[in-house]
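Q: One file: my_file.cif (mmCIF, C-alpha atoms).
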```cif
data_target
#
loop_
_atom_site.group_PDB
_atom_site.id
_atom_site.type_symbol
_atom_site.label_atom_id
_atom_site.label_comp_id
_atom_site.auth_asym_id
_atom_site.auth_seq_id
_atom_site.Cartn_x
_atom_site.Cartn_y
_atom_site.Cartn_z
ATOM 1 C CA MET A 224 100.500 -28.151 -29.694
ATOM 2 C CA ALA A 225 98.030 -25.854 -28.022
ATOM 3 C CA SER A 226 95.676 -28.752 -27.277
ATOM 4 C CA GLU A 227 98.477 -30.715 -25.576
ATOM 5 C CA ALA A 228 99.396 -27.709 -23.442
ATOM 6 C CA GLY A 229 95.753 -27.287 -22.487
ATOM 7 C CA ALA A 230 95.588 -30.940 -21.438
ATOM 8 C CA GLN A 231 98.768 -30.499 -19.389
ATOM 9 C CA ALA A 232 97.274 -27.439 -17.701
ATOM 10 C CA ALA A 233 94.243 -29.499 -16.708
ATOM 11 C CA ARG A 234 96.490 -32.249 -15.302
ATOM 12 C CA VAL A 235 98.594 -29.821 -13.287
ATOM 13 C CA SER A 236 95.466 -28.138 -11.942
ATOM 14 C CA LEU A 237 93.965 -31.484 -10.927
ATOM 15 C CA ILE A 238 97.180 -32.591 -9.216
ATOM 16 C CA ALA A 239 97.428 -29.333 -7.264
ATOM 17 C CA GLU A 240 93.766 -29.492 -6.293
ATOM 18 C CA THR A 241 94.164 -33.103 -5.171
ATOM 19 C CA ALA A 242 97.260 -32.200 -3.154
ATOM 20 C CA ASN A 243 95.372 -29.406 -1.395
ATOM 21 C CA ALA A 244 92.458 -31.748 -0.643
ATOM 22 C CA TYR A 245 94.902 -34.304 0.765
ATOM 23 C CA LEU A 246 96.595 -31.675 2.931
ATOM 24 C CA THR A 247 93.263 -30.348 4.196
ATOM 25 C CA LEU A 248 92.273 -33.879 5.212
ATOM 26 C CA ALA A 249 95.603 -34.307 7.008
ATOM 27 C CA ALA A 250 95.186 -30.986 8.824
ATOM 28 C CA ASP A 251 91.631 -31.715 9.963
ATOM 29 C CA ARG A 252 92.709 -35.148 11.173
ATOM 30 C CA SER A 253 95.444 -33.410 13.154
ATOM 31 C CA GLN A 254 92.818 -31.092 14.608
ATOM 32 C CA LEU A 255 90.706 -34.145 15.437
ATOM 33 C CA ALA A 256 93.614 -35.822 17.218
ATOM 34 C CA ALA A 257 94.266 -32.613 19.167
ATOM 35 C CA ALA A 258 90.583 -32.345 20.112
ATOM 36 C CA ARG A 259 90.592 -35.935 21.354
ATOM 37 C CA ALA A 260 93.687 -35.276 23.449
ATOM 38 C CA THR A 261 92.027 -32.182 24.905
ATOM 39 C CA ARG A 262 88.888 -34.174 25.656
ATOM 40 C CA GLN A 263 90.871 -36.854 27.484
ATOM 41 C CA SER A 264 92.697 -34.234 29.530
ATOM 42 C CA ALA A 265 89.446 -32.445 30.341
ATOM 43 C CA GLU A 266 87.739 -35.677 31.376
ATOM 44 C CA ARG A 267 90.637 -36.590 33.663
ATOM 45 C CA SER A 268 90.515 -33.154 35.236
ATOM 46 C CA LEU A 269 86.738 -33.408 35.638
ATOM 47 C CA ALA A 270 87.008 -36.786 37.347
ATOM 48 C CA LEU A 271 89.692 -35.452 39.691
ATOM 49 C CA THR A 272 87.641 -32.360 40.514
ATOM 50 C CA ARG A 273 84.598 -34.474 41.323
ATOM 51 C CA GLU A 274 86.730 -36.568 43.654
ATOM 52 C CA ARG A 275 88.048 -33.416 45.316
ATOM 53 C CA LEU A 276 84.458 -32.191 45.705
ATOM 54 C CA ARG A 277 83.582 -35.457 47.446
ATOM 55 C CA LEU A 278 86.495 -34.898 49.827
ATOM 56 C CA GLY A 279 85.536 -31.281 50.414
ATOM 57 C CA ALA A 280 88.596 -29.885 48.642
ATOM 58 C CA ALA A 281 86.698 -28.369 45.702
ATOM 59 C CA SER A 282 83.438 -26.560 45.120
ATOM 60 C CA ALA A 283 80.487 -27.232 42.852
ATOM 61 C CA LEU A 284 81.654 -24.232 40.818
ATOM 62 C CA ASP A 285 84.952 -25.988 40.168
ATOM 63 C CA VAL A 286 83.119 -29.067 38.933
ATOM 64 C CA SER A 287 80.826 -27.005 36.731
ATOM 65 C CA ALA A 288 83.775 -25.177 35.145
ATOM 66 C CA MET A 289 85.593 -28.429 34.430
ATOM 67 C CA ASN A 290 82.451 -30.003 33.027
ATOM 68 C CA THR A 291 82.034 -27.053 30.645
ATOM 69 C CA VAL A 292 85.539 -27.616 29.299
ATOM 70 C CA ALA A 293 84.911 -31.350 28.900
ATOM 71 C CA GLN A 294 81.649 -30.815 27.019
ATOM 72 C CA GLN A 295 83.266 -28.263 24.714
ATOM 73 C CA ALA A 296 86.032 -30.749 23.992
ATOM 74 C CA ARG A 297 83.459 -33.408 23.098
ATOM 75 C CA ALA A 298 81.774 -30.966 20.743
ATOM 76 C CA ASP A 299 85.134 -30.175 19.085
ATOM 77 C CA VAL A 300 85.774 -33.879 18.537
ATOM 78 C CA ALA A 301 82.401 -34.280 16.837
ATOM 79 C CA ARG A 302 83.010 -31.201 14.673
ATOM 80 C CA TYR A 303 86.413 -32.317 13.439
ATOM 81 C CA GLN A 304 85.132 -35.841 12.828
ATOM 82 C CA GLY A 305 82.566 -34.330 10.480
ATOM 83 C CA LEU A 306 85.142 -32.096 8.771
ATOM 84 C CA ALA A 307 87.573 -34.973 8.296
ATOM 85 C CA GLU A 308 84.871 -37.147 6.739
ATOM 86 C CA ARG A 309 83.844 -34.306 4.449
ATOM 87 C CA ASP A 310 87.487 -33.888 3.412
ATOM 88 C CA ARG A 311 87.824 -37.611 2.720
ATOM 89 C CA LEU A 312 84.774 -37.597 0.484
ATOM 90 C CA ALA A 313 86.033 -34.506 -1.368
ATOM 91 C CA LEU A 314 89.389 -36.214 -1.968
ATOM 92 C CA GLN A 315 87.656 -39.371 -3.140
ATOM 93 C CA LEU A 316 85.627 -37.340 -5.612
ATOM 94 C CA LEU A 317 88.810 -35.826 -7.058
ATOM 95 C CA VAL A 318 90.566 -39.187 -7.264
ATOM 96 C CA GLY A 319 87.500 -40.808 -8.787
ATOM 97 C CA ALA A 320 87.936 -44.094 -6.933
ATOM 98 C CA GLU A 321 87.540 -45.652 -3.501
ATOM 99 C CA LEU A 322 90.336 -44.488 -1.214
ATOM 100 C CA ASP A 323 92.719 -46.869 0.529
ATOM 101 C CA GLU A 324 92.755 -45.800 4.183
ATOM 102 C CA ALA A 325 96.294 -47.112 4.553
ATOM 103 C CA ARG A 326 97.469 -44.472 2.078
ATOM 104 C CA LEU A 327 95.604 -41.595 3.698
ATOM 105 C CA PRO A 328 97.261 -39.294 6.244
ATOM 106 C CA ALA A 329 96.626 -39.977 9.915
ATOM 107 C CA ALA A 330 97.688 -36.433 10.714
ATOM 108 C CA LEU A 331 99.526 -33.551 9.090
ATOM 109 C CA GLU A 332 102.580 -33.909 11.339
ATOM 110 C CA ASP A 333 103.038 -37.561 10.387
ATOM 111 C CA LYS A 334 103.993 -36.417 6.872
ATOM 112 C CA PRO A 335 103.035 -39.584 5.015
ATOM 113 C CA TYR A 336 103.216 -37.443 1.880
ATOM 114 C CA THR A 337 106.222 -36.026 0.041
ATOM 115 C CA LEU A 338 106.239 -32.455 -1.216
ATOM 116 C CA ALA A 339 109.648 -31.684 -2.628
ATOM 117 C CA ALA A 340 110.893 -28.229 -1.674
ATOM 118 C CA LEU A 341 111.543 -26.484 -4.973
ATOM 119 C CA PRO A 342 114.888 -24.620 -5.020
ATOM 120 C CA VAL A 343 114.754 -20.873 -5.522
ATOM 121 C CA ASP A 344 117.993 -21.023 -7.535
ATOM 122 C CA ALA A 345 116.195 -22.842 -10.335
ATOM 123 C CA PRO A 346 116.484 -21.160 -13.731
ATOM 124 C CA ALA A 347 113.689 -18.732 -14.489
ATOM 125 C CA ASP A 348 113.172 -20.353 -17.856
ATOM 126 C CA ALA A 349 111.328 -23.050 -15.909
ATOM 127 C CA LEU A 350 108.382 -20.722 -16.433
ATOM 128 C CA LEU A 351 108.483 -21.615 -20.107
ATOM 129 C CA ARG A 352 107.265 -25.084 -19.136
ATOM 130 C CA ARG A 353 104.004 -23.739 -17.809
ATOM 131 C CA PRO A 354 101.119 -25.118 -19.893
ATOM 132 C CA ASP A 355 99.621 -21.666 -20.466
ATOM 133 C CA VAL A 356 102.972 -20.329 -21.690
ATOM 134 C CA ARG A 357 103.483 -23.340 -23.962
ATOM 135 C CA GLN A 358 99.954 -22.930 -25.264
ATOM 136 C CA ALA A 359 100.571 -19.244 -25.952
ATOM 137 C CA GLU A 360 103.798 -20.072 -27.776
ATOM 138 C CA SER A 361 101.928 -22.613 -29.856
ATOM 139 C CA LEU A 362 99.444 -19.913 -30.829
ATOM 140 C CA LEU A 363 102.336 -17.627 -31.745
ATOM 141 C CA ARG A 364 103.743 -20.258 -34.067
ATOM 142 C CA GLY A 365 100.286 -20.774 -35.530
ATOM 143 C CA ALA A 366 100.200 -17.064 -36.297
ATOM 144 C CA HIS A 367 103.639 -17.357 -37.957
ATOM 145 C CA ALA A 368 105.278 -15.200 -35.313
ATOM 146 C CA ASP A 369 108.899 -15.494 -34.192
ATOM 147 C CA VAL A 370 108.731 -17.119 -30.738
ATOM 148 C CA ALA A 371 112.460 -16.636 -30.092
ATOM 149 C CA ALA A 372 112.122 -12.926 -30.817
ATOM 150 C CA ALA A 373 109.097 -12.697 -28.542
ATOM 151 C CA ARG A 374 111.035 -14.311 -25.702
ATOM 152 C CA ALA A 375 114.005 -12.023 -26.269
ATOM 153 C CA GLY A 376 111.762 -8.971 -26.200
ATOM 154 C CA LEU A 377 109.496 -9.930 -23.327
ATOM 155 C CA TRP A 378 111.957 -11.573 -20.948
ATOM 156 C CA PRO A 379 113.980 -8.440 -20.088
ATOM 157 C CA LYS A 380 110.765 -6.399 -20.083
ATOM 158 C CA LEU A 381 109.594 -8.574 -17.206
ATOM 159 C CA GLY A 382 112.536 -7.453 -15.113
ATOM 160 C CA LEU A 383 115.001 -10.301 -15.645
ATOM 161 C CA SER A 384 118.572 -9.922 -16.797
ATOM 162 C CA ALA A 385 118.777 -9.282 -20.519
ATOM 163 C CA SER A 386 122.551 -9.716 -20.661
ATOM 164 C CA SER A 387 122.953 -13.096 -19.022
ATOM 165 C CA GLY A 388 120.228 -14.857 -20.972
ATOM 166 C CA LEU A 389 117.560 -17.210 -19.712
ATOM 167 C CA SER A 390 119.917 -19.748 -18.175
ATOM 168 C CA GLY A 391 121.567 -17.126 -16.005
ATOM 169 C CA VAL A 392 118.343 -15.935 -14.364
ATOM 170 C CA THR A 393 116.993 -17.638 -11.273
ATOM 171 C CA LEU A 394 113.536 -17.775 -9.770
ATOM 172 C CA ALA A 395 114.887 -15.997 -6.700
ATOM 173 C CA GLY A 396 115.419 -12.989 -8.950
ATOM 174 C CA LEU A 397 111.673 -12.728 -9.381
ATOM 175 C CA LEU A 398 111.443 -11.362 -5.854
ATOM 176 C CA ASN A 399 113.462 -8.345 -6.975
ATOM 177 C CA THR A 400 111.395 -7.744 -10.102
ATOM 178 C CA PRO A 401 109.893 -4.230 -9.908
ATOM 179 C CA ALA A 402 106.115 -4.098 -9.913
ATOM 180 C CA ARG A 403 106.102 -1.932 -13.013
ATOM 181 C CA ALA A 404 107.663 -4.841 -14.915
ATOM 182 C CA LEU A 405 104.333 -6.635 -14.715
ATOM 183 C CA SER A 406 102.498 -4.012 -16.739
ATOM 184 C CA LEU A 407 100.126 -5.475 -19.294
ATOM 185 C CA ALA A 408 100.919 -2.795 -21.867
ATOM 186 C CA LEU A 409 102.698 -3.966 -25.022
ATOM 187 C CA ASP A 410 106.178 -2.517 -25.539
ATOM 188 C CA ALA A 411 106.467 -0.807 -28.935
ATOM 189 C CA SER A 412 110.176 -1.661 -29.015
ATOM 190 C CA LEU A 413 109.601 -5.418 -29.218
ATOM 191 C CA PRO A 414 111.178 -6.992 -32.297
ATOM 192 C CA LEU A 415 107.814 -8.202 -33.548
ATOM 193 C CA LEU A 416 106.332 -4.724 -33.370
ATOM 194 C CA ASP A 417 109.068 -2.675 -35.048
ATOM 195 C CA GLY A 418 107.531 -0.146 -37.342
ATOM 196 C CA GLY A 419 105.022 1.367 -34.901
ATOM 197 C CA ALA A 420 102.567 3.353 -36.987
ATOM 198 C CA ALA A 421 103.346 1.266 -40.045
ATOM 199 C CA ARG A 422 101.670 -1.638 -38.290
ATOM 200 C CA ALA A 423 98.401 0.258 -38.066
ATOM 201 C CA GLY A 424 97.481 -0.908 -41.521
ATOM 202 C CA ALA A 425 98.409 -4.526 -40.946
ATOM 203 C CA ASP A 426 96.232 -7.170 -42.473
ATOM 204 C CA GLN A 427 94.250 -9.778 -40.574
ATOM 205 C CA ALA A 428 97.203 -12.157 -40.310
ATOM 206 C CA GLU A 429 99.310 -9.467 -38.702
ATOM 207 C CA ALA A 430 96.478 -8.617 -36.325
ATOM 208 C CA GLN A 431 96.392 -12.274 -35.285
ATOM 209 C CA ARG A 432 100.136 -12.200 -34.646
ATOM 210 C CA LEU A 433 99.751 -9.131 -32.444
ATOM 211 C CA ALA A 434 96.913 -10.769 -30.526
ATOM 212 C CA ALA A 435 98.958 -13.939 -30.070
ATOM 213 C CA LEU A 436 101.883 -11.874 -28.801
ATOM 214 C CA ALA A 437 99.673 -10.053 -26.317
ATOM 215 C CA ALA A 438 98.362 -13.416 -25.052
ATOM 216 C CA TYR A 439 101.935 -14.688 -24.743
ATOM 217 C CA GLU A 440 103.016 -11.648 -22.751
ATOM 218 C CA LYS A 441 100.037 -12.033 -20.438
ATOM 219 C CA ALA A 442 100.865 -15.724 -19.872
ATOM 220 C CA LEU A 443 104.452 -14.845 -18.941
ATOM 221 C CA GLN A 444 103.323 -12.068 -16.629
ATOM 222 C CA SER A 445 100.847 -14.366 -14.911
ATOM 223 C CA GLY A 446 103.573 -16.962 -14.435
ATOM 224 C CA PHE A 447 106.010 -14.443 -12.978
ATOM 225 C CA ARG A 448 103.412 -13.046 -10.622
ATOM 226 C CA GLU A 449 102.261 -16.460 -9.354
ATOM 227 C CA VAL A 450 105.793 -17.760 -8.801
ATOM 228 C CA ALA A 451 106.885 -14.518 -7.126
ATOM 229 C CA ASP A 452 103.850 -14.632 -4.823
ATOM 230 C CA ALA A 453 104.597 -18.216 -3.791
ATOM 231 C CA LEU A 454 108.323 -17.584 -3.291
ATOM 232 C CA SER A 455 107.751 -14.404 -1.311
ATOM 233 C CA GLN A 456 105.712 -16.328 1.267
ATOM 234 C CA ARG A 457 108.075 -19.273 1.629
ATOM 235 C CA GLN A 458 110.461 -17.908 4.237
ATOM 236 C CA ALA A 459 107.757 -16.173 6.264
ATOM 237 C CA LEU A 460 105.668 -19.348 6.426
ATOM 238 C CA ALA A 461 108.677 -21.441 7.461
ATOM 239 C CA GLU A 462 109.564 -18.982 10.222
ATOM 240 C CA GLU A 463 105.969 -18.832 11.433
ATOM 241 C CA LYS A 464 105.768 -22.618 11.607
ATOM 242 C CA GLN A 465 108.999 -22.763 13.583
ATOM 243 C CA ALA A 466 107.738 -20.139 16.023
ATOM 244 C CA ARG A 467 104.393 -21.925 16.392
ATOM 245 C CA GLN A 468 106.253 -25.169 17.104
ATOM 246 C CA ALA A 469 108.258 -23.513 19.883
ATOM 247 C CA THR A 470 105.102 -21.956 21.319
ATOM 248 C CA LEU A 471 103.349 -25.329 21.282
ATOM 249 C CA ALA A 472 106.240 -27.048 23.066
ATOM 250 C CA SER A 473 106.205 -24.388 25.762
ATOM 251 C CA ALA A 474 102.414 -24.544 26.147
ATOM 252 C CA GLU A 475 102.426 -28.332 26.474
ATOM 253 C CA THR A 476 105.125 -28.148 29.134
ATOM 254 C CA SER A 477 103.068 -25.575 31.034
ATOM 255 C CA LEU A 478 100.009 -27.826 30.785
ATOM 256 C CA ARG A 479 101.854 -30.824 32.224
ATOM 257 C CA LEU A 480 103.097 -28.712 35.112
ATOM 258 C CA ALA A 481 99.636 -27.231 35.722
ATOM 259 C CA GLU A 482 98.054 -30.697 35.764
ATOM 260 C CA ALA A 483 100.661 -31.936 38.222
ATOM 261 C CA ARG A 484 100.196 -28.944 40.529
ATOM 262 C CA TYR A 485 96.414 -29.304 40.388
ATOM 263 C CA ARG A 486 96.594 -33.003 41.284
ATOM 264 C CA GLN A 487 98.816 -32.128 44.239
ATOM 265 C CA GLY A 488 96.439 -29.399 45.376
ATOM 266 C CA LEU A 489 99.042 -26.650 44.907
ATOM 267 C CA ASP A 490 96.988 -24.621 42.421
ATOM 268 C CA GLY A 491 93.292 -24.049 41.803
ATOM 269 C CA TYR A 492 91.295 -25.037 38.755
ATOM 270 C CA LEU A 493 91.659 -21.646 37.068
ATOM 271 C CA SER A 494 95.374 -22.142 36.444
ATOM 272 C CA LEU A 495 94.680 -25.546 34.914
ATOM 273 C CA LEU A 496 91.890 -24.215 32.701
ATOM 274 C CA GLU A 497 94.112 -21.443 31.394
ATOM 275 C CA ALA A 498 96.916 -23.908 30.636
ATOM 276 C CA GLN A 499 94.487 -26.191 28.782
ATOM 277 C CA ARG A 500 93.127 -23.349 26.660
ATOM 278 C CA THR A 501 96.615 -22.069 25.853
ATOM 279 C CA ALA A 502 97.851 -25.512 24.805
ATOM 280 C CA GLN A 503 94.774 -26.150 22.670
ATOM 281 C CA SER A 504 95.112 -22.801 20.913
ATOM 282 C CA ALA A 505 98.851 -23.299 20.365
ATOM 283 C CA ARG A 506 98.301 -26.691 18.718
ATOM 284 C CA GLN A 507 95.547 -25.349 16.461
ATOM 285 C CA GLN A 508 97.769 -22.479 15.361
ATOM 286 C CA TRP A 509 100.696 -24.829 14.698
ATOM 287 C CA ILE A 510 98.501 -27.062 12.553
ATOM 288 C CA SER A 511 97.249 -24.043 10.610
ATOM 289 C CA ALA A 512 100.819 -22.824 10.043
ATOM 290 C CA SER A 513 101.927 -26.287 8.899
ATOM 291 C CA LEU A 514 99.021 -26.475 6.473
ATOM 292 C CA ALA A 515 99.790 -23.023 5.067
ATOM 293 C CA GLU A 516 103.429 -23.994 4.457
ATOM 294 C CA ALA A 517 102.449 -27.233 2.693
ATOM 295 C CA GLU A 518 99.826 -25.455 0.590
ATOM 296 C CA ASN A 519 102.469 -22.919 -0.428
ATOM 297 C CA MET A 520 104.579 -25.764 -1.830
ATOM 298 C CA ALA A 521 101.582 -26.968 -3.818
ATOM 299 C CA ALA A 522 100.991 -23.422 -5.084
ATOM 300 C CA LEU A 523 104.619 -23.157 -6.206
ATOM 301 C CA TYR A 524 104.338 -26.506 -7.980
ATOM 302 C CA ARG A 525 101.241 -25.274 -9.748
ATOM 303 C CA SER A 526 102.723 -21.903 -10.677
ATOM 304 C CA LEU A 527 105.697 -23.655 -12.280
ATOM 305 C CA GLY A 528 103.391 -25.745 -14.386
ATOM 306 C CA GLY A 529 104.117 -28.992 -12.563
ATOM 307 C CA GLY A 530 107.527 -28.466 -11.003
ATOM 308 C CA LEU A 531 110.972 -28.113 -12.505
ATOM 309 C CA GLU A 532 111.081 -31.213 -14.655
ATOM 310 C CA ASP A 533 110.546 -30.641 -18.322
ATOM 311 C CA GLY A 534 106.992 -31.590 -19.014
ATOM 312 C CA SER A 535 107.265 -31.206 -22.746
ATOM 313 C CA GLY A 536 107.719 -34.919 -23.180
#
```
If you convert what's in this file into structure tokens, what do you get?

A:
Amino acid sequence: MASEAGAQAARVSLIAETANAYLTLAADRSQLAAARATRQSAERSLALTRERLRLGAASALDVSAMNTVAQQARADVARYQGLAERDRLALQLLVGAELDEARLPAALEDKPYTLAALPVDAPADALLRRPDVRQAESLLRGAHADVAAARAGLWPKLGLSASSGLSGVTLAGLLNTPARALSLALDASLPLLDGGAARAGADQAEAQRLAALAAYEKALQSGFREVADALSQRQALAEEKQARQATLASAETSLRLAEARYRQGLDGYLSLLEAQRTAQSARQQWISASLAEAENMAALYRSLGGGLEDGSG
């Protein structure tokens, strides 16, 4: 029924929105942890520089520069504490109940959540489980239209294989669907519209069938576009995250070496400051890339109407 599909659409939307709120909280808590680590490193460096000033091995300028970094780190900690609390309250509002801290993420990299990676070789007819598509099909039936004929006419028009049938088409094939296949124009060759000009004098019931068919086509097109968008970003986001991880590992190694050389008096404070800034930036970028990848999974879940399991009950 159309009302059941509408209710399912609301549930899927709420789940996806809750997942995004959860992931945002995890990411900001990761940023908070990174800011605290930066603050600790900056405070250690400041204390060491003050000691070197006392011994005549550093200048007041060195101390001032280190103090600036330490104060900025303290400000970052306060900022991310506020963001994380805002995220927690937003998640609580979506859940509609007091949150159990034990079930909340400590950080994004801890992955206390499970987001199943949806396979791209899933059959494309998974799109038929989308609530908006099911609702549109319900409206077609209500208008006494042939849903099977509508599928047969619209599916190949959307760029999928007409010869192999629905079960032979995969979601990966959506990436090769030409842009023109997403045109909103109705195809006059569709089985339901045979007759062309003869349909011009159709009665009100026929007009309702045509309107229902147009709504069904639009729902399918929206589904194809949303799934294709999510799939097209998957590989790029995974590769970016991997590259950011490698950059972070390298930056953290450089920071440890810079701290050791500064403690031994082999390098000045400028080398240490640069290493600290590079490591901080690398961690922030890795967290952002990790969040984008996780949000893409949530977007794919949403575009498939709640995943690959049949939600028709």

Q: Residues within 9 Å of range 250-262 of chain A, please, as a PyMOL selection string. Count all atoms listed in the file; anything in the same chain fewer than 6 positions from it doesn't count.

A: chain A and resi 292-304+306-307+310+328-332+499+502-503+506-507+510-511+513-514

Q: In Å, how far is it from CA of Gly528 in chain A to CA of Arg352 in chain A?

A: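 Computing it gives 6.2 Å between the two atoms.
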
Q: Rank A:Leu276, A:Ala437, A:Ala242, A:Met289 by their smallest atom-to-atom distance to Arg525 in chain A, using all atoms listed in the file, and report the top residue only.

A: A:Ala242

Q: Rounded to one decimal, what separation in Å do you get between CA of Ala515 in chain A and CA of Leu460 in chain A?

A: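 Separation between CA of Ala515 in chain A and CA of Leu460 in chain A: 7.1 Å.
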
Q: Applied to the shown file, which residues does the PyMOL selection byres ((chain A and resi 284) around 12) return, written as an mmCIF file with C-alpha atoms, in the frame of the given file?

A:
```cif
data_model
loop_
_atom_site.group_PDB
_atom_site.id
_atom_site.type_symbol
_atom_site.label_atom_id
_atom_site.label_comp_id
_atom_site.auth_asym_id
_atom_site.auth_seq_id
_atom_site.Cartn_x
_atom_site.Cartn_y
_atom_site.Cartn_z
ATOM 1 C CA LEU A 269 86.738 -33.408 35.638
ATOM 2 C CA THR A 272 87.641 -32.360 40.514
ATOM 3 C CA ARG A 273 84.598 -34.474 41.323
ATOM 4 C CA LEU A 276 84.458 -32.191 45.705
ATOM 5 C CA ALA A 280 88.596 -29.885 48.642
ATOM 6 C CA ALA A 281 86.698 -28.369 45.702
ATOM 7 C CA SER A 282 83.438 -26.560 45.120
ATOM 8 C CA ALA A 283 80.487 -27.232 42.852
ATOM 9 C CA ASP A 285 84.952 -25.988 40.168
ATOM 10 C CA VAL A 286 83.119 -29.067 38.933
ATOM 11 C CA SER A 287 80.826 -27.005 36.731
ATOM 12 C CA ALA A 288 83.775 -25.177 35.145
ATOM 13 C CA MET A 289 85.593 -28.429 34.430
ATOM 14 C CA ASN A 290 82.451 -30.003 33.027
ATOM 15 C CA THR A 291 82.034 -27.053 30.645
ATOM 16 C CA GLY A 491 93.292 -24.049 41.803
ATOM 17 C CA TYR A 492 91.295 -25.037 38.755
ATOM 18 C CA LEU A 493 91.659 -21.646 37.068
#
```

Q: Rank nothing, just name the residue among A:Glu518, A:Asp452, A:Glu462, A:Glu266 nearest to Tyr245 in chain A, using all atoms listed in the file.

A: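 Of the candidates, the smallest distance to Tyr245 in chain A is held by A:Glu518.
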
Q: Got a sec to resolve the PyMOL selection byres ((chain A and resi 477) around 12) on this structure and send the residues as a list in words?

A: Thr470, Leu471, Ala472, Ser473, Ala474, Glu475, Thr476, Leu478, Arg479, Leu480, Ala481, Glu482, Ala483, Arg484, Ser494, Leu495, Leu496, Glu497, Ala498, Gln499, Arg500, Thr501, Ala502, Gln503 and Ala505 of chain A

Q: I need the chosen residues saved as a short mmCIF file (atom, residue, chain, number, x, y, z; two decimals), in the frame of the given file, with C-alpha atoms.

A:
```cif
data_model
loop_
_atom_site.label_atom_id
_atom_site.label_comp_id
_atom_site.auth_asym_id
_atom_site.auth_seq_id
_atom_site.Cartn_x
_atom_site.Cartn_y
_atom_site.Cartn_z
CA THR A 470 105.10 -21.96 21.32
CA LEU A 471 103.35 -25.33 21.28
CA ALA A 472 106.24 -27.05 23.07
CA SER A 473 106.20 -24.39 25.76
CA ALA A 474 102.41 -24.54 26.15
CA GLU A 475 102.43 -28.33 26.47
CA THR A 476 105.12 -28.15 29.13
CA LEU A 478 100.01 -27.83 30.78
CA ARG A 479 101.85 -30.82 32.22
CA LEU A 480 103.10 -28.71 35.11
CA ALA A 481 99.64 -27.23 35.72
CA GLU A 482 98.05 -30.70 35.76
CA ALA A 483 100.66 -31.94 38.22
CA ARG A 484 100.20 -28.94 40.53
CA SER A 494 95.37 -22.14 36.44
CA LEU A 495 94.68 -25.55 34.91
CA LEU A 496 91.89 -24.22 32.70
CA GLU A 497 94.11 -21.44 31.39
CA ALA A 498 96.92 -23.91 30.64
CA GLN A 499 94.49 -26.19 28.78
CA ARG A 500 93.13 -23.35 26.66
CA THR A 501 96.62 -22.07 25.85
CA ALA A 502 97.85 -25.51 24.80
CA GLN A 503 94.77 -26.15 22.67
CA ALA A 505 98.85 -23.30 20.36
#
```

Q: Taking (103.9, -10.9, -25.6) in the file's coordinates as the center, which residues reach within 8 Å of it, counting only C-alpha atoms, put as a VMD selection string?

A: chain A and resid 373 to 374 377 409 435 to 441 443

Q: Give me the residues near Arg364 in chain A as a list in words, where near means some atom within 12 Å (using only C-alpha atoms) and where sequence neighbours in that chain fewer than 2 positions away do not count.

A: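 What passes the distance filter is Met224, Ala225, Arg357, Gln358, Ala359, Glu360, Ser361, Leu362, Ala366, His367, Ala368, Asp369, Val370, Ala371, Ala372, Ala373, Gln431, Arg432, Leu433, Ala435, Leu436 and Tyr439 of chain A.
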
Q: Care to translate the PyMOL selection byres ((chain A and resi 354) around 10) into actual residues of this file, as a PyMOL selection string?

A: chain A and resi 225-235+350-353+355-360+442+526-529+534-535

Q: Could you check which of A:Ala430, A:Ala249, A:Leu489, A:Ala313 is closest to Arg326 in chain A, using all atoms listed in the file?

A: A:Ala249

Q: Please compute the CA of Asp490 in chain A-CA of Trp509 in chain A distance, one decimal, in Å.

A: 28.0 Å

Q: Rank nothing, just name the residue among A:Leu363, A:Gln465, A:Leu312, A:Arg486 nearest to Ala270 in chain A, using all atoms listed in the file.

A: A:Arg486

Q: Using only the atoms of range 487-506 of chain A listed in the file, plus 5 Å on each side, state the axis-aligned box centre and edge lengths in Å rounded to one decimal, as AutoDock Vina command-line options.

A:
```
--center_x 95.2 --center_y -26.8 --center_z 32.0 --size_x 17.7 --size_y 20.7 --size_z 36.7
```

Q: Could you please fill out range 316-322 of chain A with N, CA and C atoms and send it back as a PDB file, keeping the file's coordinate frame?

A:
```pdb
ATOM      1  N   LEU A 316      86.263 -37.854  -4.406  1.00  0.00           N
ATOM      2  CA  LEU A 316      85.627 -37.340  -5.612  1.00  0.00           C
ATOM      3  C   LEU A 316      86.680 -36.899  -6.629  1.00  0.00           C
ATOM      4  N   LEU A 317      87.741 -36.268  -6.160  1.00  0.00           N
ATOM      5  CA  LEU A 317      88.810 -35.826  -7.058  1.00  0.00           C
ATOM      6  C   LEU A 317      89.576 -37.008  -7.643  1.00  0.00           C
ATOM      7  N   VAL A 318      89.826 -38.005  -6.809  1.00  0.00           N
ATOM      8  CA  VAL A 318      90.566 -39.187  -7.264  1.00  0.00           C
ATOM      9  C   VAL A 318      89.715 -40.031  -8.205  1.00  0.00           C
ATOM     10  N   GLY A 319      88.398 -40.045  -7.938  1.00  0.00           N
ATOM     11  CA  GLY A 319      87.500 -40.808  -8.787  1.00  0.00           C
ATOM     12  C   GLY A 319      87.496 -42.288  -8.511  1.00  0.00           C
ATOM     13  N   ALA A 320      87.916 -42.680  -7.303  1.00  0.00           N
ATOM     14  CA  ALA A 320      87.936 -44.094  -6.933  1.00  0.00           C
ATOM     15  C   ALA A 320      87.892 -44.211  -5.415  1.00  0.00           C
ATOM     16  N   GLU A 321      87.568 -45.407  -4.944  1.00  0.00           N
ATOM     17  CA  GLU A 321      87.540 -45.652  -3.501  1.00  0.00           C
ATOM     18  C   GLU A 321      88.941 -45.462  -2.932  1.00  0.00           C
ATOM     19  N   LEU A 322      89.039 -44.785  -1.806  1.00  0.00           N
ATOM     20  CA  LEU A 322      90.336 -44.488  -1.214  1.00  0.00           C
ATOM     21  C   LEU A 322      90.798 -45.623  -0.303  1.00  0.00           C
TER      22      LEU A 322
END
```
